[in-house]
Structures are given as C-alpha cells and as structure tokens.
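File shown here: model_11.txt, holding compact mmCIF, C-alpha atoms.
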# COMPACT_ATOMS: atom_id res chain seq x y z
CA MET E 216 121.88 136.99 80.70
CA PHE E 217 123.70 133.82 81.81
CA GLU E 218 127.07 135.49 82.50
CA PRO E 219 126.24 136.60 86.08
CA LEU E 220 125.39 133.00 87.08
CA GLY E 221 129.07 132.01 87.21
CA LEU E 222 129.31 129.66 84.22
CA SER E 223 132.64 129.42 82.37
CA ALA E 224 133.24 130.81 78.89
CA THR E 225 133.19 127.25 77.51
CA THR E 226 129.73 126.54 78.90
CA LEU E 227 128.47 129.97 77.90
CA ALA E 228 129.45 129.12 74.31
CA ALA E 229 127.18 126.06 74.56
CA VAL E 230 124.40 128.24 75.98
CA ASP E 231 124.76 130.62 73.06
CA GLU E 232 124.73 127.82 70.50
CA MET E 233 121.56 126.33 71.99
CA GLY E 234 119.85 129.69 71.56
CA TYR E 235 119.29 130.48 75.23
CA THR E 236 119.27 134.21 75.92
CA GLN E 237 117.70 134.71 79.35
CA PRO E 238 117.82 132.15 82.19
CA THR E 239 114.49 130.91 83.45
CA PRO E 240 113.68 131.37 87.16
CA VAL E 241 114.66 127.80 88.04
CA GLN E 242 117.96 128.16 86.16
CA GLU E 243 118.64 131.51 87.79
CA GLN E 244 118.23 130.07 91.29
CA ALA E 245 119.61 126.54 90.83
CA ILE E 246 122.76 127.12 88.76
CA PRO E 247 124.72 129.21 91.33
CA ALA E 248 123.86 126.77 94.13
CA ILE E 249 124.98 123.78 92.05
CA LEU E 250 128.21 125.53 91.07
CA ASP E 251 128.85 126.03 94.81
CA GLY E 252 128.58 122.26 95.31
CA ARG E 253 125.35 122.41 97.29
CA ASP E 254 122.65 119.74 97.24
CA VAL E 255 119.51 121.12 95.62
CA MET E 256 115.81 120.22 95.76
CA ALA E 257 114.06 122.09 92.97
CA ALA E 258 110.43 122.24 91.91
CA ALA E 259 109.22 124.06 88.83
CA GLN E 260 106.32 123.60 86.47
CA THR E 261 106.89 121.86 83.18
CA GLY E 262 108.62 123.67 80.34
CA THR E 263 110.79 125.88 82.55
CA GLY E 264 114.23 124.59 81.58
CA LYS E 265 114.95 122.18 84.44
CA THR E 266 117.19 119.97 82.30
CA ALA E 267 119.57 122.82 81.48
CA ALA E 268 119.37 123.95 85.11
CA PHE E 269 121.32 120.87 86.23
CA LEU E 270 123.32 119.96 83.10
CA LEU E 271 124.94 123.35 82.54
CA PRO E 272 126.48 123.86 86.02
CA VAL E 273 127.46 120.21 86.60
CA LEU E 274 129.20 119.76 83.23
CA ASP E 275 130.81 123.17 83.75
CA ARG E 276 132.78 121.87 86.74
CA LEU E 277 132.86 118.10 86.14
CA GLY E 278 136.17 116.34 85.53
CA HIS E 279 136.82 113.62 82.98
CA ALA E 280 136.83 109.91 83.76
CA ARG E 281 139.74 107.74 82.64
CA ARG E 282 139.06 105.41 79.73
CA GLY E 283 136.98 102.45 80.83
CA ARG E 284 135.83 104.21 84.00
CA GLY E 285 132.91 106.34 85.07
CA PRO E 286 130.32 107.67 85.27
CA LEU E 287 131.14 110.78 87.29
CA MET E 288 127.63 112.20 86.84
CA LEU E 289 124.49 110.04 86.93
CA VAL E 290 121.04 111.25 85.88
CA VAL E 291 118.13 108.93 86.73
CA THR E 292 114.79 109.68 85.07
CA PRO E 293 111.56 107.64 84.91
CA THR E 294 110.92 107.20 81.18
CA ARG E 295 112.83 106.44 78.01
CA GLU E 296 111.61 109.61 76.30
CA LEU E 297 112.87 111.79 79.15
CA ALA E 298 116.22 110.01 79.09
CA GLN E 299 116.58 110.59 75.36
CA GLN E 300 115.63 114.23 75.73
CA ILE E 301 118.17 114.81 78.50
CA ALA E 302 120.79 113.05 76.38
CA GLN E 303 120.11 115.42 73.47
CA VAL E 304 120.65 118.50 75.64
CA ALA E 305 123.72 116.86 77.17
CA GLN E 306 125.26 116.21 73.76
CA ALA E 307 124.89 119.89 72.86
CA VAL E 308 126.76 120.89 76.03
CA CYS E 309 129.32 118.07 75.76
CA ALA E 310 130.26 119.23 72.27
CA HIS E 311 131.87 122.21 74.04
CA THR E 312 132.99 120.66 77.34
CA HIS E 313 134.26 117.43 75.67
CA HIS E 314 132.57 115.13 78.15
CA ARG E 315 131.46 111.66 77.06
CA ALA E 316 127.76 110.88 77.60
CA THR E 317 126.04 107.49 77.51
CA THR E 318 122.35 106.59 77.78
CA VAL E 319 120.92 103.28 79.02
CA VAL E 320 117.17 102.67 78.82
CA GLY E 321 114.80 99.73 78.55
CA GLY E 322 113.36 98.63 75.23
CA LEU E 323 116.75 98.51 73.50
CA GLY E 324 119.40 95.78 73.30
CA TYR E 325 121.72 95.23 76.25
CA GLU E 326 124.92 94.57 74.32
CA PRO E 327 125.44 98.04 72.74
CA GLN E 328 124.80 99.64 76.14
CA LYS E 329 127.26 97.28 77.85
CA GLN E 330 129.90 98.11 75.26
CA ALA E 331 129.36 101.85 75.71
CA LEU E 332 129.76 101.48 79.49
CA LYS E 333 132.87 99.38 79.00
CA ARG E 334 134.46 102.21 77.01
CA GLY E 335 133.76 104.57 79.90
CA CYS E 336 131.77 107.79 80.23
CA ASP E 337 131.64 111.00 82.22
CA LEU E 338 127.84 111.33 82.20
CA LEU E 339 125.32 108.49 82.34
CA VAL E 340 121.61 109.06 81.74
CA ALA E 341 119.49 106.08 82.77
CA THR E 342 116.04 104.75 83.56
CA PRO E 343 115.88 102.87 86.90
CA GLY E 344 114.99 99.38 85.68
CA ARG E 345 117.64 99.11 82.99
CA LEU E 346 120.32 100.63 85.23
CA LEU E 347 119.66 98.08 87.97
CA ASP E 348 119.76 95.25 85.42
CA LEU E 349 123.19 96.41 84.23
CA LEU E 350 124.42 96.82 87.80
CA ASP E 351 123.26 93.28 88.64
CA GLN E 352 125.10 91.98 85.56
CA GLY E 353 128.31 93.73 86.63
CA ALA E 354 128.29 95.88 83.49
CA CYS E 355 128.22 99.17 85.38
CA SER E 356 129.71 100.65 88.54
CA LEU E 357 128.56 103.76 90.38
CA ASP E 358 131.58 103.96 92.70
CA GLY E 359 132.88 107.08 90.96
CA VAL E 360 129.66 109.11 90.91
CA GLU E 361 130.31 112.64 92.12
CA VAL E 362 126.93 114.12 91.17
CA LEU E 363 123.60 112.28 91.27
CA VAL E 364 120.52 113.83 89.65
CA LEU E 365 117.06 112.43 90.34
CA ASP E 366 114.90 113.96 87.62
CA GLU E 367 111.08 114.01 87.79
CA ALA E 368 111.24 112.59 91.31
CA ASP E 369 107.49 112.88 91.85
CA ARG E 370 106.83 110.89 88.69
CA MET E 371 109.25 108.16 89.79
CA LEU E 372 107.35 107.86 93.07
CA ASP E 373 104.03 107.70 91.19
CA MET E 374 105.40 104.91 88.99
CA GLY E 375 106.56 102.85 91.98
CA PHE E 376 110.29 103.41 91.51
CA LEU E 377 111.04 104.28 95.14
CA PRO E 378 112.70 100.90 95.95
CA ASP E 379 114.77 101.14 92.75
CA MET E 380 115.76 104.71 93.58
CA ARG E 381 116.96 103.67 97.03
CA LYS E 382 119.00 100.77 95.59
CA ILE E 383 120.65 103.05 93.04
CA VAL E 384 121.41 105.76 95.60
CA GLY E 385 122.88 103.12 97.90
CA LYS E 386 125.45 102.17 95.25
CA THR E 387 126.78 105.75 94.94
CA PRO E 388 129.36 107.33 97.30
CA ALA E 389 127.99 109.10 100.36
CA SER E 390 130.14 112.12 99.47
CA ARG E 391 128.20 112.77 96.25
CA GLN E 392 126.35 115.97 95.42
CA THR E 393 122.63 115.20 95.03
CA LEU E 394 120.25 117.23 92.88
CA LEU E 395 116.55 116.44 93.01
CA PHE E 396 114.30 117.98 90.37
CA SER E 397 110.54 117.59 90.39
CA ALA E 398 107.36 119.22 89.16
CA THR E 399 106.36 119.64 92.81
CA LEU E 400 107.91 119.27 96.23
CA SER E 401 104.77 117.75 97.71
CA ASN E 402 104.68 116.23 101.20
CA ASP E 403 104.95 112.79 99.59
CA VAL E 404 108.07 113.72 97.64
CA LEU E 405 109.69 115.34 100.68
CA ALA E 406 108.85 112.39 102.96
CA HIS E 407 110.53 109.87 100.65
CA THR E 408 113.51 111.87 99.39
CA GLN E 409 114.56 114.19 102.23
CA SER E 410 117.01 111.57 103.51
CA LEU E 411 118.80 111.47 100.13
CA VAL E 412 120.06 115.06 100.34
CA ARG E 413 122.22 116.99 102.81
CA ASP E 414 121.28 120.52 103.84
CA PRO E 415 119.73 121.19 100.43
CA VAL E 416 119.01 124.54 98.85
CA ARG E 417 115.26 124.65 98.19
CA VAL E 418 114.16 126.12 94.87
CA GLU E 419 110.40 126.25 94.41
CA ILE E 420 109.27 128.30 91.46
CA ALA E 421 105.58 127.41 91.43
CA PRO E 422 103.33 125.77 94.03
CA LYS E 423 101.50 122.51 93.38
CA GLY E 424 98.70 122.88 90.85
CA THR E 425 100.17 125.87 89.03
CA ALA E 426 99.46 125.64 85.31
CA ALA E 427 101.64 127.43 82.79
CA LYS E 428 100.39 131.00 82.31
CA THR E 429 101.15 130.74 78.60
CA VAL E 430 98.40 128.13 78.10
CA THR E 431 94.77 129.21 77.54
CA GLN E 432 92.41 126.53 78.85
CA TYR E 433 88.96 125.50 77.62
CA VAL E 434 86.46 122.77 78.47
CA LEU E 435 83.56 121.43 76.39
CA GLY E 436 80.71 119.29 77.76
CA VAL E 437 79.81 116.30 75.56
CA SER E 438 78.01 112.96 75.66
CA PRO E 439 80.25 109.89 75.82
CA GLU E 440 79.14 108.64 72.40
CA ALA E 441 79.98 112.01 70.81
CA LYS E 442 83.62 112.21 71.85
CA LYS E 443 85.11 110.66 68.72
CA ARG E 444 83.17 112.81 66.26
CA THR E 445 83.83 115.90 68.39
CA LEU E 446 87.54 115.12 68.21
CA VAL E 447 87.34 114.91 64.41
CA GLU E 448 85.36 118.16 64.23
CA VAL E 449 87.84 120.03 66.46
CA LEU E 450 90.78 118.82 64.37
CA ARG E 451 89.03 120.00 61.22
CA ARG E 452 88.11 123.38 62.67
CA GLU E 453 91.26 124.16 64.63
CA GLY E 454 93.84 122.38 62.48
CA SER E 455 95.58 119.02 62.72
CA SER E 456 99.22 120.08 62.68
CA ARG E 457 101.37 119.65 65.81
CA VAL E 458 98.49 118.54 68.04
CA ILE E 459 98.71 116.14 71.00
CA VAL E 460 95.55 114.24 71.98
CA PHE E 461 95.65 112.62 75.43
CA VAL E 462 93.50 109.58 76.19
CA ARG E 463 93.04 107.02 78.93
CA GLY E 464 94.41 103.64 77.89
CA LYS E 465 96.82 102.15 75.37
CA HIS E 466 94.19 100.33 73.31
CA ARG E 467 92.09 103.49 73.09
CA ALA E 468 95.07 105.37 71.65
CA ASP E 469 95.58 102.68 68.99
CA HIS E 470 91.85 102.54 68.18
CA LEU E 471 91.51 106.30 67.79
CA CYS E 472 94.62 106.41 65.65
CA ARG E 473 93.03 103.96 63.21
CA ILE E 474 89.83 106.04 63.12
CA LEU E 475 91.68 109.30 62.44
CA ARG E 476 93.75 107.72 59.68
CA LYS E 477 90.55 106.61 57.94
CA LYS E 478 89.34 110.22 58.20
CA GLY E 479 92.49 111.39 56.42
CA PHE E 480 94.55 112.63 59.38
CA SER E 481 98.24 111.80 59.75
CA CYS E 482 98.74 110.49 63.28
CA ALA E 483 100.74 108.11 65.45
CA PRO E 484 100.16 106.51 68.87
CA ILE E 485 102.55 106.79 71.82
CA HIS E 486 102.07 104.62 74.90
CA GLY E 487 103.80 102.08 77.12
CA ASP E 488 103.19 99.10 74.82
CA ARG E 489 105.05 100.74 71.92
CA SER E 490 108.74 99.85 71.63
CA GLN E 491 111.40 102.47 72.24
CA ASN E 492 112.16 102.66 68.51
CA GLN E 493 108.46 103.06 67.66
CA ARG E 494 108.05 105.86 70.19
CA MET E 495 111.17 107.71 69.08
CA HIS E 496 110.19 107.30 65.42
CA ALA E 497 106.75 108.79 66.14
CA LEU E 498 108.31 111.78 67.93
CA GLU E 499 110.77 112.32 65.08
CA GLN E 500 107.96 112.17 62.50
CA PHE E 501 105.95 114.65 64.59
CA ASP E 502 108.96 116.95 64.85
CA ARG E 503 109.50 116.85 61.07
CA GLY E 504 105.82 117.50 60.36
CA GLU E 505 105.25 114.07 58.77
CA VAL E 506 102.74 113.26 61.54
CA GLY E 507 100.32 115.98 62.60
CA VAL E 508 98.59 114.36 65.59
CA LEU E 509 100.01 112.26 68.43
CA LEU E 510 97.53 110.01 70.28
CA ALA E 511 99.16 109.64 73.68
CA THR E 512 98.66 108.26 77.14
CA ASP E 513 100.22 109.97 80.16
CA VAL E 514 103.59 108.41 79.28
CA LEU E 515 104.03 111.59 77.19
CA SER E 516 102.69 114.06 79.74
CA ARG E 517 105.78 114.51 81.91
CA GLY E 518 108.83 116.52 80.98
CA ILE E 519 108.99 115.75 77.26
CA ASP E 520 110.02 118.87 75.38
CA ILE E 521 108.27 118.89 72.01
CA PRO E 522 108.64 122.38 70.54
CA GLU E 523 105.82 124.38 69.01
CA VAL E 524 102.87 122.17 69.93
CA THR E 525 99.87 124.11 68.61
CA TYR E 526 97.37 122.80 71.13
CA VAL E 527 96.58 119.89 73.44
CA LEU E 528 93.23 118.09 73.41
CA ASN E 529 92.25 115.98 76.41
CA LEU E 530 89.79 113.51 74.92
CA ASP E 531 89.46 111.97 78.38
CA VAL E 532 89.72 113.88 81.65
CA PRO E 533 92.62 112.44 83.68
CA HIS E 534 91.77 110.84 87.04
CA ASP E 535 94.77 112.57 88.64
CA ALA E 536 94.44 116.35 88.66
CA GLU E 537 98.23 116.78 88.58
CA ASP E 538 98.36 114.85 85.30
CA TYR E 539 96.15 117.54 83.77
CA ILE E 540 98.76 120.19 84.64
CA HIS E 541 101.47 118.15 82.95
CA ARG E 542 99.36 117.34 79.91
CA ILE E 543 98.51 120.92 79.04
CA GLY E 544 102.14 121.86 79.73
CA ARG E 545 103.12 120.18 76.43
CA THR E 546 102.02 123.40 74.72
CA GLY E 547 102.89 127.00 75.56
CA ARG E 548 106.51 126.11 76.30
CA ALA E 549 109.60 128.34 76.43
CA GLY E 550 107.48 131.49 76.62
CA GLU E 551 105.36 130.67 73.55
CA ARG E 552 101.57 130.80 73.67
CA GLY E 553 99.42 127.68 73.46
CA TRP E 554 95.95 126.43 74.32
CA ALA E 555 94.26 123.28 75.56
CA LEU E 556 90.76 121.85 75.24
CA THR E 557 89.25 119.18 77.50
CA LEU E 558 86.16 117.17 76.51
CA CYS E 559 84.15 116.29 79.60
CA THR E 560 81.16 113.97 80.13
CA GLU E 561 78.87 113.70 83.15
CA GLU E 562 80.87 110.71 84.39
CA GLU E 563 84.06 112.80 84.32
CA TYR E 564 82.53 115.93 85.86
CA TRP E 565 83.99 115.51 89.34
CA ASP E 566 87.45 114.79 87.94
CA LEU E 567 87.16 118.15 86.18
CA ARG E 568 86.11 119.81 89.44
CA GLU E 569 89.15 118.29 91.20
CA ILE E 570 91.36 119.88 88.54
CA GLU E 571 89.70 123.26 89.00
CA ARG E 572 90.05 123.00 92.78
CA LEU E 573 93.75 122.16 92.45
CA MET E 574 94.36 125.16 90.17
CA GLY E 575 92.10 127.46 92.17
CA ARG E 576 90.29 128.60 89.03
CA VAL E 577 87.41 127.62 86.76
CA ILE E 578 88.22 126.57 83.19
CA ASP E 579 86.47 128.64 80.52
CA GLU E 580 83.98 127.01 78.17
CA TYR E 581 85.15 126.44 74.62
CA PRO E 582 83.80 129.42 72.63
CA ARG E 583 83.78 127.87 69.15
CA ALA E 584 81.40 124.92 69.66
CA GLU E 585 78.49 126.35 67.66
CA GLY E 586 77.17 123.80 65.18
CA MET E 587 78.93 120.83 66.76
CA ASP E 588 77.03 117.62 67.45
CA LEU E 589 77.77 117.06 71.14
CA GLY E 590 75.55 114.00 71.54
CA GLU E 591 72.21 113.13 73.13
CA ARG E 592 72.96 114.31 76.67
CA PRO E 593 75.99 116.60 76.69
CA LEU E 594 77.24 117.77 80.06
CA THR E 595 75.98 121.24 80.94
CA LEU E 596 78.49 123.20 82.99
CA ASP E 597 77.34 125.68 85.60
CA PRO E 598 79.05 129.01 84.81
CA ALA E 599 78.61 130.02 88.47
CA ARG E 600 80.58 127.05 89.83
CA SER E 601 83.54 127.86 92.06
CA PRO E 602 86.83 126.01 92.68
CA ARG E 603 86.07 126.42 96.39
CA ASP E 604 82.84 124.40 96.18
CA ARG E 605 82.66 121.24 98.26
CA ILE E 606 83.43 118.12 96.21
CA PRO E 607 81.78 114.81 97.21
CA SER E 608 83.84 111.76 98.10
CA LYS E 609 84.73 109.23 95.41
CA LYS E 610 82.19 106.77 96.86
CA ALA E 611 79.45 109.39 96.69
CA ARG E 612 80.46 110.22 93.11
CA LYS E 613 80.08 106.57 92.07
CA ARG E 614 76.59 106.45 93.59
CA GLU E 615 75.68 109.66 91.77
CA VAL E 616 76.92 108.34 88.41
CA ALA E 617 75.06 105.05 88.92
CA GLY E 618 71.88 106.95 89.75
CA ARG E 619 72.18 109.11 86.63
CA GLN E 620 72.73 106.05 84.45
CA GLN E 621 69.71 104.32 85.97
CA ARG E 622 67.50 107.39 85.44
CA ALA E 623 68.71 107.69 81.86
CA GLN E 624 67.77 104.06 81.17
CA THR E 625 64.32 104.19 82.83
CA PRO E 626 62.46 105.96 79.95
CA ARG E 627 63.95 103.48 77.50
CA LYS E 628 62.80 100.54 79.63
CA ALA E 629 59.28 102.00 79.86
CA GLU E 630 59.25 102.57 76.12
CA LYS E 631 60.44 99.02 75.51
CA THR E 632 57.70 97.63 77.80
CA THR E 633 54.99 99.60 75.95
CA ASP E 634 56.25 98.39 72.58
CA GLU E 635 56.27 94.79 73.85
CA ARG E 636 52.63 95.06 75.01
CA SER E 637 51.58 96.46 71.64
CA ARG E 638 53.36 93.64 69.83
CA ARG E 639 51.74 91.02 72.04
CA ARG E 640 48.26 92.48 71.38
CA ARG E 641 48.87 92.43 67.63
CA ASN E 642 49.82 88.77 67.82
CA GLY E 643 46.69 87.88 69.82
CA ARG E 644 48.60 87.35 73.06
CA GLY E 645 48.38 89.14 76.32
CA THR E 646 44.54 89.70 76.10
CA ARG E 647 41.91 88.13 78.34
CA ARG E 648 40.06 85.18 76.84
CA ARG E 649 36.34 85.52 76.48
CA GLY E 650 34.17 82.50 77.25

Let me see whether you can do it: turn the structure in this file into structure tokens.
Amino acid sequence: MFEPLGLSATTLAAVDEMGYTQPTPVQEQAIPAILDGRDVMAAAQTGTGKTAAFLLPVLDRLGHARRGRGPLMLVVTPTRELAQQIAQVAQAVCAHTHHRATTVVGGLGYEPQKQALKRGCDLLVATPGRLLDLLDQGACSLDGVEVLVLDEADRMLDMGFLPDMRKIVGKTPASRQTLLFSATLSNDVLAHTQSLVRDPVRVEIAPKGTAAKTVTQYVLGVSPEAKKRTLVEVLRREGSSRVIVFVRGKHRADHLCRILRKKGFSCAPIHGDRSQNQRMHALEQFDRGEVGVLLATDVLSRGIDIPEVTYVLNLDVPHDAEDYIHRIGRTGRAGERGWALTLCTEEEYWDLREIERLMGRVIDEYPRAEGMDLGERPLTLDPARSPRDRIPSKKARKREVAGRQQRAQTPRKAEKTTDERSRRRRNGRGTRRRG
C-alpha cells in the first residue's frame, strides 16, 4: 500500500487512478526520502517504476509557479521517447495536483515549445540538447528550479551528455534538491555525478548486471547468413504480435523492416534517424496493435515503458553487455512474465560470454529450434561453459575470428584451384608440350 509512504490524499487519488496497488522496492525506499527533502541517488533495474518514484513525491509537495514563470521542477532525460513517457505519467499526476507540465525535446519545432515556456510551467521535462538551445536563446530560465531530476544518468554519460549535464546543473540554484536515477550506480556514474548531490540517500535495488527475474532468457546459435530466415521462422512459430527485435545499426533496421513487410508481417522501424513524429507514431501503432513488430536499435532499449511486450528477439548480440540487460527488460515488466531470444554467431560468441559473465549465469539454449535451418556453420554452444571462465582480450578475439574466417575459406580456395586446373586441361592449356 502507498498510504504508509507519506503521500497526501490528493496524490494517493492519482496513484489509485493509475492502477498502482503496491509500491515497488525503489518507490518504497525513494519516496519517503524525497518527501523529507533529501537528495537521492537511486539505481534500479528497468521496469521497476523509477518514474513514479520521483514524480509522485515531488509533485506531492511542489508549489505552483506564477504565470509566465517556472519551472520549479526540472527533469532531464537522454532521449525523446523517455521524455514523452515521463510527460505522460506526469500528466496523470498533474490532473490531480493541478500542476502545469511542459516538454521540450529535439526533433520538433522550436516555436510551440517557446510559447509553452513563455506561458509558464511548474514541471519541465527536457532532453539536454534542446534545453541548452532554448537557454541560449533566452527562451527558458532555470533560476526557480527547486528540484532537479537527472533520469537515466548512466545512459546520459554513455551518450556523451556529461558536459551538457554540467552546464544545465550550473544554471540551477545551489539550494535545489537533486534526484539522480540510473539503471546502475557504477563507479563511472558515481565519479561524474557525486559532486552534483549533497549527502544523498543511496537507494540500490539491484547490482550491476541484474536482469529482471520475470524474463526467461534463451540463446540460439546460427550462421550469419541464416539470421534473417531464422527471424522469420521464429516470428511464425512464436507469434508476431507485440514483439521487439533489436539490431545493430539504423540501416539494418530499415532493411529488415522491408523484408518482413514482404513476408506479410506488420512492422515499423525505430532508430535515431527517424523523426520524433515517426518514432511516436510507430509506438502508438504498436500500442494499438496496428503494428506487431518493432525493429529497433538501442535507442529503444533504455527506460521506455511499452506494456505487454510478448517477447524480445536480439537479432544481433549487443557489443555492450549492459545493453543486453536493458533490451530484454522491455518485456516482463510490472511483474508480468516475458521471454527473450538472442541469435548468436561465432563472431558474436565472446560478446555473449561477456553478457553471461556480467549476469553471473549461463543463458539456456532455445528449446524449440527443431526443424529450423540455422545455416551452413551454426555456432555450437558448450553446455558446460561457465560465466566464471576466462574471456580473452578484444585483440585476441579479433585474431581468433580472423583465423576462423581464413580456415573457413581455405577449402573453398582449394576447391576453386582444382576446378581451375580441370578447366585448363579441358581447354588444352596447362599441360606439358610434347616434342
């Protein structure tokens, strides 16, 4: 129950309307500390209700800015999708608390956002680049910020937003309350953000590399040339409704989307080259069931709350093991069950082993692969492998991959040479002249 956390009756009405019944661990620990005015550094795995953990207590005690002034609360988040998602939750709470919320993100026109800021707001949700642009243009002031939230702090560091973060923080009052939410409180995150908070309450629900327990994980070894047809076969066998397929690269997402459409699947791509309207339209179509499959890059892997995702398919193994944790966290959210399948080639084997080492567990082999065409040389996984096994350096891995590729090509070269000799003999060339 949320009542013991100290929220007012007004905010509890919003909680009830949103359908929350029991607070998640991060909400249970963070909300009382925020209500007490403490700075908070919180880490929790994806899908654990971090957005509500900071919106509910702050809006519960936040005042109202005079017309044409504000914001009093600023939430900075790395991507447009995250900003829109936070704004949706905020609107549900603001309907009860009567706060005014505004969102400014890249990919949309400046003028409507400038006009919204000119009218004033209590809560501003922003991406770093667009916020700095508006600050430079004199369209926004952060002098009145009482509460600053840095959401997905680790992701902002990964995306190179540290200088922008420092500029934004420098334009807020030193007396502010600062709330930092992240998937992990790694040494890197702590080193770059510790100076932004004062005597913070630490909330750490899950250590680095902890995957959601509600997600069953599988891996399937394939040949590189078999990945596309394996994807099609999995979608046909397991269903193609509410599925997210993660790939490496924007062009690959577009290409695969065209292939799946020709095969009769309804799908849409989501990546950094798509406009904000295109990305939001794809998510809305997916939510309504008009699109069954999203082909996505890692722009979709962090923090986006898409309800009832049936399963996640990693067509390509991510280079960063942490990205794997976030990808599979798109399913099995809010206590629901989900599952994830990763297709892995020999070239991606050590990336898979890095993921297993991070999680401290071996991923089970996909049990329903019988009859699938997995290609000429599908990866064979050792069932006795251990996450504690020594993993070679990246340089050694490259040498190993190059050696495998060379060995794989050698029989073909020999075969080609034999065929060439036979052809030359048939044409009367390549034989010794007799005198």

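Between Phe269 (chain E) and the residues E:Arg370, E:Arg345, E:Arg572, E:Arg253, the shortest atom-to-atom distance, using all atoms listed in the file, involves E:Arg253.
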
Exercise: residues within 12 Å of coordinate (130.6, 118.3, 79.0), counting only C-alpha atoms, as number ranges by chain: E: 223, 225-229, 270-280, 287-288, 302, 304-317, 336-339

For Glu448 (chain E), which of E:Glu585, E:Glu615, E:Asp366, E:Glu243 is the closest residue, counting all atoms listed in the file?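 Of E:Glu585, E:Glu615, E:Asp366, E:Glu243, the one nearest Glu448 (chain E) is E:Glu585, counting all atoms listed in the file.
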
Counting only C-alpha atoms, which residues sit no farther than 6 Å from the position (94.8, 128.1, 74.7) in the file's frame? I'd like them as a PyMOL selection string. chain E and resi 430-432+553-555

Identify which of the residues E:Gly353, E:Gly547, E:Gly359, E:Pro582 lies closest to Gly285 (chain E), counting all atoms listed in the file when measuring atom-to-atom distances. E:Gly359

Choose the residue, out of E:Leu567, E:Leu323, E:Ala617, E:Leu589, that has the smallest atom-to-atom separation from Pro439 (chain E); count all atoms listed in the file. E:Leu589

Measuring between all atoms listed in the file, which one of E:Phe217, E:Met371, E:His496, E:Ser608 shows the shortest distance to Asp231 (chain E)?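 Of the candidates, the smallest distance to Asp231 (chain E) is held by E:Phe217.
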
Point-to-point distance in Å for CA of His466 (chain E) and CA of Tyr526 (chain E):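 Calculated distance between CA of Tyr526 (chain E) and CA of His466 (chain E) is 22.8 Å.
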
Restore all heavy atoms in region 499-506 of chain E and list the result as a compact mmCIF listing (two decimals), in the coordinates of the input.
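Result saved to rebuild.txt:
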# COMPACT_ATOMS: atom_id res chain seq x y z
N GLU E 499 109.98 111.73 66.17
CA GLU E 499 110.77 112.32 65.08
C GLU E 499 109.87 112.71 63.91
O GLU E 499 110.04 113.77 63.31
CB GLU E 499 111.84 111.32 64.62
CG GLU E 499 112.97 111.15 65.62
CD GLU E 499 113.83 109.93 65.33
OE1 GLU E 499 113.57 109.25 64.30
OE2 GLU E 499 114.77 109.66 66.11
N GLN E 500 108.90 111.86 63.58
CA GLN E 500 107.96 112.17 62.50
C GLN E 500 107.14 113.41 62.86
O GLN E 500 106.88 114.26 62.01
CB GLN E 500 107.02 110.99 62.25
CG GLN E 500 107.65 109.84 61.50
CD GLN E 500 106.63 108.77 61.20
OE1 GLN E 500 105.93 108.28 62.09
NE2 GLN E 500 106.52 108.41 59.93
N PHE E 501 106.72 113.49 64.11
CA PHE E 501 105.95 114.65 64.59
C PHE E 501 106.80 115.91 64.49
O PHE E 501 106.33 116.96 64.04
CB PHE E 501 105.51 114.41 66.03
CG PHE E 501 104.58 115.45 66.59
CD1 PHE E 501 103.23 115.43 66.27
CD2 PHE E 501 105.04 116.43 67.45
CE1 PHE E 501 102.36 116.39 66.80
CE2 PHE E 501 104.19 117.38 67.98
CZ PHE E 501 102.84 117.36 67.66
N ASP E 502 108.06 115.81 64.89
CA ASP E 502 108.96 116.95 64.85
C ASP E 502 109.20 117.44 63.42
O ASP E 502 109.31 118.64 63.17
CB ASP E 502 110.29 116.59 65.52
CG ASP E 502 111.16 117.80 65.78
OD1 ASP E 502 110.64 118.78 66.36
OD2 ASP E 502 112.35 117.79 65.40
N ARG E 503 109.27 116.49 62.47
CA ARG E 503 109.50 116.85 61.07
C ARG E 503 108.22 117.27 60.35
O ARG E 503 108.28 117.70 59.19
CB ARG E 503 110.12 115.67 60.32
CG ARG E 503 111.54 115.31 60.76
CD ARG E 503 112.21 114.38 59.77
NE ARG E 503 111.49 113.11 59.63
CZ ARG E 503 111.80 112.00 60.28
NH1 ARG E 503 112.82 111.99 61.15
NH2 ARG E 503 111.11 110.89 60.10
N GLY E 504 107.08 117.13 61.00
CA GLY E 504 105.82 117.50 60.36
C GLY E 504 105.21 116.39 59.52
O GLY E 504 104.20 116.62 58.85
N GLU E 505 105.79 115.19 59.54
CA GLU E 505 105.25 114.07 58.77
C GLU E 505 104.01 113.49 59.45
O GLU E 505 103.17 112.87 58.80
CB GLU E 505 106.31 112.99 58.60
CG GLU E 505 107.52 113.46 57.80
CD GLU E 505 108.69 112.49 57.90
OE1 GLU E 505 108.50 111.38 58.45
OE2 GLU E 505 109.79 112.84 57.43
N VAL E 506 103.92 113.65 60.76
CA VAL E 506 102.74 113.26 61.54
C VAL E 506 102.21 114.51 62.20
O VAL E 506 102.97 115.26 62.83
CB VAL E 506 103.11 112.19 62.60
CG1 VAL E 506 102.04 112.10 63.68
CG2 VAL E 506 103.30 110.84 61.94
